[in-house]
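Visitor: Before we start, here is the structure in question, set down as C-alpha cells.
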Amino acid sequence: QVQLVESGGGLVQPGGSLRLSCSASRFTFSNYAMTWYRQAPGKERELVAFISRFGSNLNYTDSVKGRFTISRDNGKKTLYLQMNSLKPEDTAVYYCHVPTLNSWGQGTQVTVSS
C-alpha cells in the first residue's frame, strides 16, 4: 500500500527555517497531486499547501503565503516544504497527503519557540 514518510521537523527559533521532506513509495508518485497539512494541539488538521503532478499549480493557505514553498522531485519521489520566517503559530505536526488516494504519512513535529 501507499507509503509516505515525513522527515525534517524539529525545534527552531522564531524567524528560523526548516525544510520538510516526504519520501513516497508503493505508488506512481508523478501521477498524483500532493498536499501538506498540519495539525496544532487542540485544533483541526488544516491544509497548508498543494502542488499539482508536475508542479505547475501551487496553492497555499493565507497564513503561510510568502513564507512557505512546496515543491517536488518526481525522479526522487519526494515532496518538500521549505518553511522560512517561522512563527510560534506554525507549531504543529506536519503531514504529507495524497488527496485522491486519501493516504497520510505519520507526521513530523515542528516546534517554533525561543
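Identifiers for the C-alpha cells are assigned positionally: chains receive A, B, ... in sequence, residues are indexed from 1 per chain, and ligands are indexed from 1 in the order shown.
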Tell me which protein, DNA and RNA residues are within 12 Å of Asn57 (chain A), counting only C-alpha atoms, leaving out same-chain ones fewer than 5 positions away, and put them as JSON, numbers by chain.
Guide: {"A": [33, 34, 35, 49, 50, 51, 52, 70, 71, 72]}
Visitor: Pull the helix (DSSP H, G or I) assignments for chain A out of DSSP run on the backbone, and list those residues as a PyMOL selection string.
Guide: chain A and resi 29-31+62-64+88-90
Visitor: Could you give me, as a compact mmCIF listing (two decimals) with C-alpha atoms, in the first residue's frame, the residues within 9 Å of Ser17 (chain A), counting only C-alpha atoms and dropping anything in the same chain fewer than 4 positions from it?
Guide:
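The result, written out as result-v1.txt:
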```
# COMPACT_ATOMS: atom_id res chain seq x y z
CA VAL A 12 13.53 26.10 15.72
CA GLN A 13 13.54 29.67 16.99
CA GLN A 82 10.52 24.85 2.68
CA MET A 83 9.43 26.91 5.67
CA ASN A 84 11.02 30.30 6.28
CA SER A 85 10.32 33.09 8.78
CA LEU A 86 8.73 30.58 11.10
```
Visitor: Report as a PyMOL selection string all protein, DNA and RNA residues lying within 9 Å of Gly10 (chain A), evaluated on only C-alpha atoms, omitting residues in the same chain fewer than 2 positions from it.
Guide: chain A and resi 8+12+18+108-112
Visitor: Show which residues sit within 7 Å of Tyr94 (chain A), as a PyMOL selection string. Count only C-alpha atoms, and ignore same-chain residues fewer than 3 positions away.
Guide: chain A and resi 36-39+107-109
Visitor: With only C-alpha atoms as the atoms that count, which of A:Val98, A:Val93, A:Asn74, A:Arg67 lies nearest to Gly15 (chain A)?
Guide: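 Of the candidates, the smallest distance to Gly15 (chain A) is held by A:Arg67.
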Visitor: Which residue, A:Gly55, A:Ser7, A:Gly16, A:Ser25, has the smallest gap to Ser103 (chain A) when you use only C-alpha atoms?
Guide: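 Ranking A:Gly55, A:Ser7, A:Gly16, A:Ser25 by distance to Ser103 (chain A), first place goes to A:Ser25.
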Visitor: I'd like to know which of A:Ser63, A:Ser114, A:Ser56, A:Thr28 is closest to Pro88 (chain A), using only C-alpha atoms.
Guide: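 Of A:Ser63, A:Ser114, A:Ser56, A:Thr28, the one nearest Pro88 (chain A) is A:Ser114, counting only C-alpha atoms.
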Visitor: Quick one: everything within 9 Å of Phe29 (chain A), counting only C-alpha atoms, minus sequence neighbours fewer than 5 positions away in the same chain. Send it as JSON, numbers by chain.
Guide: {"A": [24, 34, 53, 74, 75, 77, 78]}
Visitor: Residues of chain A in strand (DSSP E) according to DSSP, as a PyMOL selection string?
Guide: chain A and resi 3-7+10-12+18-25+34-39+46-51+58-60+68-73+78-83+92-98+103-104+108-112
